[in-house]
file query_37.cif (mmCIF, C-alpha atoms)
data_work
loop_
_atom_site.label_atom_id
_atom_site.label_comp_id
_atom_site.auth_asym_id
_atom_site.auth_seq_id
_atom_site.Cartn_x
_atom_site.Cartn_y
_atom_site.Cartn_z
CA MET A 1 -43.85 -0.37 107.10
CA LYS A 2 -42.23 -1.00 103.76
CA HIS A 3 -43.01 0.82 100.49
CA PHE A 4 -43.90 -1.20 97.41
CA LEU A 5 -41.36 0.61 95.27
CA ASP A 6 -38.52 -0.38 97.54
CA GLN A 7 -39.32 -4.04 97.00
CA ALA A 8 -39.91 -4.02 93.14
CA PRO A 9 -36.99 -5.33 90.99
CA ALA A 10 -35.26 -2.82 88.59
CA ARG A 11 -36.30 -3.19 84.89
CA ALA A 12 -34.27 -1.97 81.75
CA TYR A 13 -35.86 0.60 79.49
CA LYS A 14 -37.28 -0.95 76.32
CA PRO A 15 -38.01 1.43 73.42
CA ARG A 16 -41.18 0.87 71.57
CA PRO A 17 -41.00 -1.04 68.18
CA ALA A 18 -41.63 2.10 66.14
CA GLN A 19 -38.70 3.86 67.78
CA ARG A 20 -36.37 0.90 67.08
CA ALA A 21 -37.28 0.89 63.39
CA LYS A 22 -36.57 4.59 63.05
CA ALA A 23 -33.16 4.17 64.62
CA ILE A 24 -32.20 1.31 62.31
CA ILE A 25 -33.27 3.28 59.23
CA ALA A 26 -31.24 6.27 60.38
CA VAL A 27 -28.12 4.11 60.76
CA VAL A 28 -28.59 2.51 57.33
CA ILE A 29 -29.07 5.89 55.68
CA ALA A 30 -25.95 7.22 57.37
CA LEU A 31 -23.95 4.23 56.16
CA LEU A 32 -25.25 4.59 52.60
CA VAL A 33 -24.34 8.24 52.55
CA LEU A 34 -20.86 7.46 53.80
CA VAL A 35 -20.40 4.65 51.26
CA GLY A 36 -21.73 6.82 48.45
CA VAL A 37 -19.48 9.71 49.29
CA GLY A 38 -16.55 7.34 49.57
CA TRP A 39 -17.28 5.62 46.26
CA PHE A 40 -17.72 8.96 44.50
CA ALA A 41 -14.39 10.11 45.90
CA VAL A 42 -12.67 6.87 44.90
CA ASP A 43 -14.16 7.03 41.41
CA ARG A 44 -13.02 10.62 40.92
CA VAL A 45 -9.55 9.86 42.21
CA ALA A 46 -9.28 6.76 40.00
CA ALA A 47 -10.39 8.72 36.97
CA ALA A 48 -7.83 11.41 37.71
CA VAL A 49 -5.00 8.96 38.36
CA ILE A 50 -5.74 6.13 35.90
CA ALA A 51 -7.03 8.14 32.93
CA LYS A 52 -5.38 11.50 33.21
CA ASP A 53 -6.23 13.71 30.26
CA TYR A 54 -4.98 17.09 29.12
CA ALA A 55 -7.48 19.91 29.01
CA ALA A 56 -8.38 21.71 25.81
CA GLY A 57 -6.16 24.65 24.99
CA THR A 58 -2.96 23.19 26.42
CA ALA A 59 -1.38 22.11 23.10
CA ALA A 60 2.40 22.49 22.88
CA GLU A 61 5.15 21.95 20.30
CA PRO A 62 4.39 19.19 17.76
CA VAL A 63 6.34 15.96 17.52
CA THR A 64 6.62 13.20 14.93
CA VAL A 65 5.06 9.97 16.18
CA THR A 66 5.41 6.59 14.48
CA ILE A 67 2.43 4.24 14.72
CA ALA A 68 3.82 0.78 14.10
CA SER A 69 2.09 -1.66 11.78
CA GLY A 70 -0.32 -3.92 13.67
CA SER A 71 -0.68 -1.57 16.65
CA THR A 72 -3.78 -1.96 18.81
CA LEU A 73 -5.57 1.01 20.36
CA THR A 74 -3.73 0.23 23.59
CA ASP A 75 -0.39 0.22 21.75
CA ILE A 76 -1.22 3.53 20.08
CA GLY A 77 -2.20 5.04 23.41
CA ALA A 78 1.11 4.00 24.93
CA THR A 79 3.02 5.45 21.97
CA LEU A 80 1.19 8.77 22.22
CA ALA A 81 1.62 8.95 26.00
CA ASP A 82 5.35 8.25 25.72
CA ALA A 83 5.65 11.05 23.15
CA GLY A 84 3.72 13.48 25.35
CA VAL A 85 0.85 13.83 22.89
CA VAL A 86 -1.74 12.60 25.41
CA GLU A 87 -1.44 12.55 29.17
CA SER A 88 -2.23 8.87 29.60
CA GLN A 89 -2.64 5.70 27.60
CA LYS A 90 -6.01 4.94 29.17
CA ALA A 91 -7.40 8.38 28.34
CA PHE A 92 -6.65 7.72 24.68
CA VAL A 93 -8.14 4.22 24.75
CA ARG A 94 -11.28 5.52 26.43
CA ALA A 95 -11.65 8.29 23.82
CA ALA A 96 -10.88 5.93 20.91
CA ARG A 97 -13.55 3.46 21.99
CA THR A 98 -16.20 6.14 21.64
CA ASP A 99 -15.27 6.71 17.97
CA PRO A 100 -15.94 3.72 15.65
CA ARG A 101 -13.51 5.15 13.09
CA ALA A 102 -10.59 4.70 15.46
CA THR A 103 -10.13 1.08 14.38
CA GLY A 104 -9.14 2.48 10.98
CA ILE A 105 -6.11 4.41 12.26
CA GLN A 106 -3.28 3.56 9.89
CA ALA A 107 0.34 2.81 10.59
CA GLY A 108 2.82 5.51 9.67
CA ASP A 109 4.40 8.74 10.83
CA TYR A 110 2.23 11.58 12.15
CA GLN A 111 2.99 15.18 13.05
CA LEU A 112 0.95 15.82 16.21
CA PRO A 113 0.85 18.56 18.85
CA THR A 114 1.82 17.56 22.37
CA HIS A 115 -0.36 18.02 25.47
CA ILE A 116 -3.71 17.64 23.71
CA PRO A 117 -6.93 15.97 24.94
CA ALA A 118 -7.24 12.31 24.01
CA GLU A 119 -10.36 12.97 21.94
CA GLN A 120 -8.43 15.50 19.88
CA ALA A 121 -5.59 12.99 19.41
CA VAL A 122 -8.01 10.43 17.99
CA LYS A 123 -9.33 12.95 15.47
CA ALA A 124 -5.80 14.01 14.54
CA LEU A 125 -4.78 10.44 13.76
CA LEU A 126 -7.81 10.05 11.51
CA ASP A 127 -6.92 13.18 9.52
CA PRO A 128 -4.63 12.33 6.53
CA ALA A 129 -3.28 15.89 6.63
CA ASN A 130 -1.33 14.97 9.78
CA ARG A 131 0.54 12.09 8.16
CA VAL A 132 4.21 12.69 7.50
CA ALA A 133 5.16 10.79 4.39
CA ASN A 134 7.38 10.83 1.37
CA ARG A 135 5.03 9.80 -1.41
CA ILE A 136 6.64 8.09 -4.39
CA THR A 137 4.63 7.20 -7.48
CA LEU A 138 5.93 4.91 -10.20
CA ARG A 139 3.76 4.57 -13.27
CA GLU A 140 3.57 1.42 -15.35
CA GLY A 141 6.06 0.85 -18.14
CA LEU A 142 8.98 2.90 -16.80
CA THR A 143 12.43 1.48 -17.38
CA LEU A 144 14.69 0.98 -14.39
CA ASP A 145 16.66 4.13 -15.25
CA GLN A 146 13.44 6.11 -15.45
CA GLN A 147 12.35 4.65 -12.12
CA PHE A 148 15.61 5.71 -10.50
CA ASP A 149 15.04 9.25 -11.79
CA ALA A 150 11.50 9.30 -10.39
CA ILE A 151 12.45 7.81 -7.02
CA ALA A 152 15.39 10.15 -6.49
CA GLU A 153 13.37 13.20 -7.46
CA GLN A 154 10.40 12.35 -5.24
CA SER A 155 12.40 11.15 -2.24
CA GLY A 156 15.18 13.70 -2.36
CA LEU A 157 17.73 10.90 -1.88
CA PRO A 158 20.84 10.40 -4.05
CA ARG A 159 20.13 8.56 -7.29
CA GLU A 160 23.53 6.87 -7.20
CA GLU A 161 22.61 5.12 -3.95
CA PHE A 162 19.64 3.41 -5.61
CA VAL A 163 21.84 2.42 -8.56
CA ARG A 164 24.41 0.93 -6.17
CA LEU A 165 21.80 -1.13 -4.31
CA ALA A 166 20.29 -2.41 -7.56
CA ALA A 167 23.52 -4.28 -8.28
CA ASP A 168 22.41 -6.92 -5.76
CA PRO A 169 18.73 -7.72 -6.50
CA ALA A 170 18.70 -10.72 -4.16
CA ALA A 171 19.62 -8.50 -1.20
CA LEU A 172 16.49 -6.47 -1.96
CA GLY A 173 14.29 -9.55 -1.96
CA ALA A 174 14.00 -10.02 -5.72
CA PRO A 175 12.82 -13.52 -6.74
CA SER A 176 15.38 -16.11 -7.75
CA TYR A 177 14.28 -15.91 -11.39
CA ALA A 178 15.10 -12.19 -11.63
CA THR A 179 18.33 -11.60 -13.55
CA GLY A 180 18.37 -7.95 -12.48
CA LEU A 181 16.12 -5.33 -10.93
CA GLU A 182 14.62 -4.22 -14.26
CA GLY A 183 10.90 -5.01 -14.17
CA TYR A 184 10.82 -5.86 -10.45
CA LEU A 185 10.15 -2.46 -8.86
CA PHE A 186 6.40 -2.65 -8.90
CA PRO A 187 4.60 0.44 -10.28
CA GLU A 188 2.45 1.84 -7.47
CA THR A 189 2.07 4.85 -5.16
CA TYR A 190 4.03 4.36 -1.95
CA GLU A 191 4.20 6.29 1.29
CA PHE A 192 7.39 6.22 3.35
CA GLY A 193 8.34 7.81 6.64
CA GLU A 194 10.58 10.84 6.59
CA ASP A 195 13.56 8.70 7.65
CA ALA A 196 13.14 6.00 5.00
CA THR A 197 16.40 4.76 3.54
CA PRO A 198 17.10 3.84 -0.12
CA GLN A 199 17.34 0.19 1.00
CA GLU A 200 13.90 0.37 2.61
CA ILE A 201 12.37 2.05 -0.43
CA LEU A 202 13.66 -0.48 -2.96
CA THR A 203 12.92 -3.44 -0.70
CA THR A 204 9.32 -2.27 -0.30
CA MET A 205 8.87 -1.93 -4.07
CA VAL A 206 10.31 -5.38 -4.73
CA ALA A 207 8.11 -6.84 -1.98
CA GLU A 208 5.07 -5.35 -3.72
CA PHE A 209 6.08 -7.12 -6.92
CA ASN A 210 6.43 -10.41 -5.02
CA THR A 211 3.02 -9.96 -3.42
CA THR A 212 1.40 -9.27 -6.80
CA ALA A 213 3.14 -12.18 -8.49
CA GLN A 214 1.94 -14.53 -5.75
CA LYS A 215 -1.58 -13.14 -5.93
CA ILE A 216 -1.91 -13.85 -9.66
CA GLY A 217 -0.09 -17.19 -9.45
CA LEU A 218 2.78 -16.18 -11.74
CA GLU A 219 5.00 -19.17 -11.05
CA GLN A 220 2.17 -21.68 -11.47
CA ALA A 221 1.11 -19.99 -14.71
CA ALA A 222 4.67 -20.11 -16.03
CA ALA A 223 4.83 -23.84 -15.34
CA SER A 224 1.57 -24.45 -17.20
CA LEU A 225 2.90 -22.48 -20.19
CA GLY A 226 6.24 -24.29 -20.08
CA ARG A 227 8.17 -21.10 -19.36
CA ASP A 228 10.35 -19.63 -16.65
CA PRO A 229 8.55 -17.09 -14.44
CA GLY A 230 11.13 -14.51 -15.50
CA ASP A 231 10.04 -15.05 -19.11
CA LEU A 232 6.50 -14.09 -18.19
CA VAL A 233 7.74 -10.89 -16.57
CA THR A 234 9.55 -10.07 -19.81
CA VAL A 235 6.42 -10.85 -21.82
CA ALA A 236 4.40 -8.67 -19.46
CA SER A 237 6.83 -5.79 -19.93
CA ILE A 238 6.38 -5.98 -23.70
CA VAL A 239 2.60 -6.17 -23.28
CA GLU A 240 2.78 -3.05 -21.11
CA ALA A 241 4.75 -1.17 -23.76
CA GLU A 242 2.77 -2.34 -26.79
CA THR A 243 -0.82 -2.14 -25.59
CA PHE A 244 -3.05 0.92 -25.79
CA ASN A 245 -6.38 -0.48 -24.58
CA PRO A 246 -6.71 -2.72 -21.50
CA GLN A 247 -8.96 -5.22 -23.26
CA ASP A 248 -6.16 -6.01 -25.74
CA ARG A 249 -3.51 -7.02 -23.21
CA ALA A 250 -4.32 -10.72 -23.11
CA LYS A 251 -4.53 -10.86 -26.93
CA VAL A 252 -1.12 -9.21 -27.29
CA ALA A 253 0.26 -11.75 -24.82
CA ARG A 254 -1.21 -14.52 -26.95
CA VAL A 255 0.48 -13.14 -30.08
CA LEU A 256 3.82 -13.20 -28.27
CA GLU A 257 3.26 -16.77 -27.06
CA ASN A 258 2.21 -17.96 -30.51
CA ARG A 259 5.27 -16.44 -32.16
CA LEU A 260 7.58 -17.87 -29.50
CA ASP A 261 6.04 -21.31 -29.92
CA ARG A 262 6.66 -21.14 -33.69
CA GLY A 263 10.23 -19.88 -33.38
CA MET A 264 9.32 -16.59 -35.08
CA MET A 265 11.07 -13.33 -34.34
CA LEU A 266 8.87 -11.14 -32.14
CA GLN A 267 9.66 -7.97 -34.15
CA MET A 268 8.53 -5.58 -31.42
CA ASP A 269 9.39 -1.90 -31.76
CA SER A 270 9.20 -1.58 -27.96
CA THR A 271 12.31 -3.74 -27.50
CA VAL A 272 14.22 -1.67 -30.03
CA LYS A 273 13.18 1.55 -28.30
CA TYR A 274 14.44 0.07 -25.03
CA LEU A 275 17.74 -0.62 -26.75
CA THR A 276 18.10 2.88 -28.17
CA GLY A 277 16.63 4.65 -25.12
CA LYS A 278 14.29 6.62 -27.36
CA ASP A 279 10.66 7.04 -26.40
CA GLY A 280 7.68 8.86 -27.81
CA ARG A 281 7.26 7.73 -31.42
CA VAL A 282 5.49 4.43 -32.00
CA THR A 283 7.60 3.24 -34.89
CA THR A 284 11.37 2.75 -35.15
CA SER A 285 13.82 3.46 -37.93
CA ASP A 286 15.46 0.95 -40.28
CA GLN A 287 18.79 1.93 -38.73
CA ALA A 288 17.59 1.17 -35.21
CA ARG A 289 16.11 -2.15 -36.26
CA ALA A 290 19.49 -3.15 -37.71
CA LEU A 291 21.37 -2.71 -34.42
CA ASP A 292 23.20 -5.76 -33.13
CA SER A 293 21.81 -6.48 -29.68
CA PRO A 294 19.98 -9.33 -27.95
CA TYR A 295 17.23 -6.77 -27.25
CA ASN A 296 16.66 -6.29 -30.98
CA THR A 297 13.75 -8.63 -31.65
CA TYR A 298 13.94 -7.79 -35.36
CA ARG A 299 17.25 -9.65 -35.55
CA ASN A 300 16.89 -12.35 -32.88
CA THR A 301 14.35 -15.02 -32.20
CA GLY A 302 13.00 -15.55 -28.71
CA LEU A 303 12.61 -13.10 -25.86
CA PRO A 304 15.10 -10.37 -25.02
CA PRO A 305 17.42 -11.09 -22.05
CA GLY A 306 15.00 -9.54 -19.57
CA PRO A 307 12.13 -7.11 -19.05
CA ILE A 308 12.16 -3.79 -20.92
CA GLY A 309 10.22 -1.93 -18.21
CA ALA A 310 8.04 -2.41 -15.18
CA PRO A 311 4.73 -4.13 -15.94
CA GLY A 312 1.67 -3.41 -13.81
CA GLN A 313 -0.66 -6.05 -12.45
CA ALA A 314 -2.91 -6.08 -15.53
CA SER A 315 0.00 -6.86 -17.86
CA LEU A 316 1.36 -9.51 -15.51
CA GLU A 317 -2.08 -11.14 -15.45
CA ALA A 318 -2.23 -11.01 -19.26
CA ALA A 319 1.17 -12.70 -19.53
CA ALA A 320 0.13 -15.35 -17.01
CA HIS A 321 -3.24 -15.95 -18.68
CA PRO A 322 -3.07 -15.12 -22.40
CA ALA A 323 -6.30 -15.08 -24.39
CA ASP A 324 -7.12 -18.06 -26.59
CA GLY A 325 -6.60 -17.35 -30.28
CA PRO A 326 -4.49 -18.07 -33.38
CA TRP A 327 -3.18 -14.52 -33.90
CA LEU A 328 0.40 -13.96 -34.99
CA TYR A 329 0.25 -10.24 -35.71
CA PHE A 330 -1.21 -7.05 -34.34
CA VAL A 331 -0.99 -3.36 -35.16
CA THR A 332 -2.61 -0.29 -33.67
CA ILE A 333 -4.24 1.56 -36.55
CA ASP A 334 -5.44 4.66 -34.67
CA LEU A 335 -3.18 6.17 -32.01
CA ASN A 336 -5.92 8.45 -30.74
CA THR A 337 -8.42 5.72 -29.95
CA GLY A 338 -5.93 2.88 -29.53
CA GLU A 339 -7.88 0.68 -31.98
CA THR A 340 -5.77 -2.41 -32.56
CA ARG A 341 -6.22 -5.06 -35.26
CA PHE A 342 -5.16 -8.68 -34.80
CA ALA A 343 -4.40 -11.02 -37.67
CA THR A 344 -3.51 -14.65 -38.27
CA THR A 345 -1.99 -14.34 -41.76
CA PHE A 346 0.65 -11.97 -43.07
CA GLU A 347 -1.68 -10.86 -45.87
CA GLU A 348 -4.35 -9.80 -43.41
CA HIS A 349 -1.73 -8.07 -41.30
CA SER A 350 -0.43 -6.19 -44.34
CA GLN A 351 -3.89 -4.78 -44.92
CA ASN A 352 -4.04 -3.63 -41.30
CA VAL A 353 -0.59 -2.03 -41.60
CA ALA A 354 -1.83 -0.14 -44.67
CA GLU A 355 -4.66 1.23 -42.53
CA PHE A 356 -2.11 2.37 -39.96
CA GLN A 357 0.06 4.05 -42.59
CA LYS A 358 -3.00 5.83 -43.94
CA TRP A 359 -3.73 7.13 -40.45
CA CYS A 360 -0.13 8.30 -40.07
CA GLN A 361 -0.35 10.23 -43.35
CA ALA A 362 -3.41 12.04 -42.00
CA ASN A 363 -1.74 12.72 -38.64
CA LYS A 364 1.75 13.95 -39.45
CA GLY A 365 4.36 13.68 -36.73
CA MET A 366 2.46 11.20 -34.53
CA CYS A 367 4.01 8.04 -35.91
#

call {"tool": "encode", "arguments": {"input": "query_37.cif", "output": "C-alpha cells"}}
result
Amino acid sequence: MKHFLDQAPARAYKPRPAQRAKAIIAVVIALLVLVGVGWFAVDRVAAAVIAKDYAAGTAAEPVTVTIASGSTLTDIGATLADAGVVESQKAFVRAARTDPRATGIQAGDYQLPTHIPAEQAVKALLDPANRVANRITLREGLTLDQQFDAIAEQSGLPREEFVRLAADPAALGAPSYATGLEGYLFPETYEFGEDATPQEILTTMVAEFNTTAQKIGLEQAAASLGRDPGDLVTVASIVEAETFNPQDRAKVARVLENRLDRGMMLQMDSTVKYLTGKDGRVTTSDQARALDSPYNTYRNTGLPPGPIGAPGQASLEAAAHPADGPWLYFVTIDLNTGETRFATTFEEHSQNVAEFQKWCQANKGMC
C-alpha cells in the first residue's frame, strides 16, 4: 500500500506577497544608507582635499603679496595660496563669493599674515590699512624742479635719478609735442608698490597726463584753435598760475588766445616768476620784468618756449575750450576772495588795476 505523500511532487516554498514587499524595502533602505554614507564621506573628503582652509588662530609671519591689475578672484586665490596666506585657492574663491564686496578688491601690494582662514583673507584685502604703498601727491601748478623735490621726498628715492630720467621725455612716454618734461607730470595722488623704481614713477605720471589729454580731446582742440597741442599745455600752465577762482579759468584762457591772435605781448607775471624762480608775491618787480629771456612775456610776443608748471585737468580743459568773449585784460583785485575783473579796453583795465592797487595799500605785504 502506497502513501499519498510518497507520490506527491516536491514544490518550492513561495513567500507570501507581503513578505516579499518587506524584503525589497529592506534592501532598498540598506542601499540608500550605504549610498548616503558613501556620498557624505566623499563630500567631506572632497571638501578637505579640494578646498583646504586654515583654521582661525593659526596666523603666522606676514608677507607682502602683489595683486596684479586685472586679477580675477581665482587669480587672487592662486596668488594668496602660493604666498602661504591661505591654504588653497578654492577656499579663497568660495569665501570671496559669499562677500559681494570682494569684486572690489584692488590691485596693489598688501601686507598679509600667512596661514589665515580664507574668509579672513578676503576681509584683509578689503581693508585699506593692509595696503603697502608709497603715496606721492603732486599738486597743480608745481614746476618740474618743485615736482622733483616732492617726488624724492615722498618716495625716499634719489632726486638726481629723476632728473637724469627727465632728460629723455620720449623714453617716459611723453607725447611727441612735448619739448621737455615740464608740464607733463600730471598733478595727482599716486600709490606705488614698495619696490617702485624712478622710471616706473615718472612713466606712470606721464601716462596720467596722456590719459587726461585724450579724455578732454586736447589734440583735436588744438587743431580747431590752429595751435600745436604743446601750445595749449603752455597756455594751461599759465591759466593754472594766474587763476584764483575755478570759474575764471576759461575766461583767462580766452584773454591769452585773444592777445596771441592780435600779436600782443602776454605780459604775465607768472612767466616772469618762473624765470626768476621766485614764488609767493603776485606782482613782479621792474627789474625782473626787464630780464632778457624768452620766458619774459613783458619783452617778447607769443608764448614762452614751454609750460611754466604742471596744469591740472581743469586748466587743460580751459585751454582746450576757452570761453567766448572779447577780453584782452584781467586783474585780480582782491587776493582774499580771488575776485577778478576782465576788460576789453586798456582804459577799463586801468580802472581795475587802480582797484587792485587800492586793495594792496589796505593789505600791506600781500602784493

call {"tool": "atom_distance", "arguments": {"input": "query_37.cif", "atom1": "atom CA of Thr114 of chain A", "atom2": "atom CA of Ala129 of chain A"}}
result
16.6 Å

call {"tool": "resolve_selection", "arguments": {"input": "query_37.cif", "expression": "the PyMOL selection byres ((chain A and resi 289) around 12)", "output": "list in words"}}
result
Gln267, Met268, Asp269, Ser270, Thr271, Val272, Lys273, Tyr274, Leu275, Thr276, Thr283, Thr284, Ser285, Asp286, Gln287, Ala288, Ala290, Leu291, Asp292, Ser293, Pro294, Tyr295, Asn296, Thr297, Tyr298, Arg299 and Asn300 of chain A

call {"tool": "closest_residue", "arguments": {"input": "query_37.cif", "among": "A:Ser237, A:Val63, A:Phe162, A:His321", "to": "Leu225 of chain A", "atoms": "all atoms listed in the file"}}
result
A:His321

call {"tool": "closest_residue", "arguments": {"input": "query_37.cif", "among": "A:Ala196, A:Ile308, A:Ala320, A:Ala343", "to": "Glu257 of chain A", "atoms": "all atoms listed in the file"}}
result
A:Ala320

call {"tool": "atom_distance", "arguments": {"input": "query_37.cif", "atom1": "atom CA of Thr189 of chain A", "atom2": "atom CA of Arg135 of chain A"}}
result
6.9 Å

call {"tool": "closest_residue", "arguments": {"input": "query_37.cif", "among": "A:Thr137, A:Ser176, A:Thr204, A:Thr64", "to": "Leu112 of chain A", "atoms": "only C-alpha atoms"}}
result
A:Thr64

call {"tool": "residues_around", "arguments": {"input": "query_37.cif", "residues": "Lys90 of chain A", "least_positions_apart": "6", "cutoff": "10 Å", "atoms": "all atoms listed in the file", "output": "JSON, numbers by chain"}}
result
{"A": [47, 50, 51, 52, 53, 73, 74, 77, 78, 81, 96, 118]}

call {"tool": "resolve_selection", "arguments": {"input": "query_37.cif", "expression": "the PyMOL selection byres ((chain A and resi 123) around 12)", "output": "VMD selection string"}}
result
chain A and resid 92 95 to 96 98 to 105 112 116 to 122 124 to 130

call {"tool": "write_last_selection", "arguments": {"input": "query_37.cif", "atoms": "C-alpha atoms", "output": "short mmCIF file (atom, residue, chain, number, x, y, z; two decimals), keeping the file's coordinate frame"}}
result
data_model
loop_
_atom_site.label_atom_id
_atom_site.label_comp_id
_atom_site.auth_asym_id
_atom_site.auth_seq_id
_atom_site.Cartn_x
_atom_site.Cartn_y
_atom_site.Cartn_z
CA PHE A 92 -6.65 7.72 24.68
CA ALA A 95 -11.65 8.29 23.82
CA ALA A 96 -10.88 5.93 20.91
CA THR A 98 -16.20 6.14 21.64
CA ASP A 99 -15.27 6.71 17.97
CA PRO A 100 -15.94 3.72 15.65
CA ARG A 101 -13.51 5.15 13.09
CA ALA A 102 -10.59 4.70 15.46
CA THR A 103 -10.13 1.08 14.38
CA GLY A 104 -9.14 2.48 10.98
CA ILE A 105 -6.11 4.41 12.26
CA LEU A 112 0.95 15.82 16.21
CA ILE A 116 -3.71 17.64 23.71
CA PRO A 117 -6.93 15.97 24.94
CA ALA A 118 -7.24 12.31 24.01
CA GLU A 119 -10.36 12.97 21.94
CA GLN A 120 -8.43 15.50 19.88
CA ALA A 121 -5.59 12.99 19.41
CA VAL A 122 -8.01 10.43 17.99
CA ALA A 124 -5.80 14.01 14.54
CA LEU A 125 -4.78 10.44 13.76
CA LEU A 126 -7.81 10.05 11.51
CA ASP A 127 -6.92 13.18 9.52
CA PRO A 128 -4.63 12.33 6.53
CA ALA A 129 -3.28 15.89 6.63
CA ASN A 130 -1.33 14.97 9.78
#
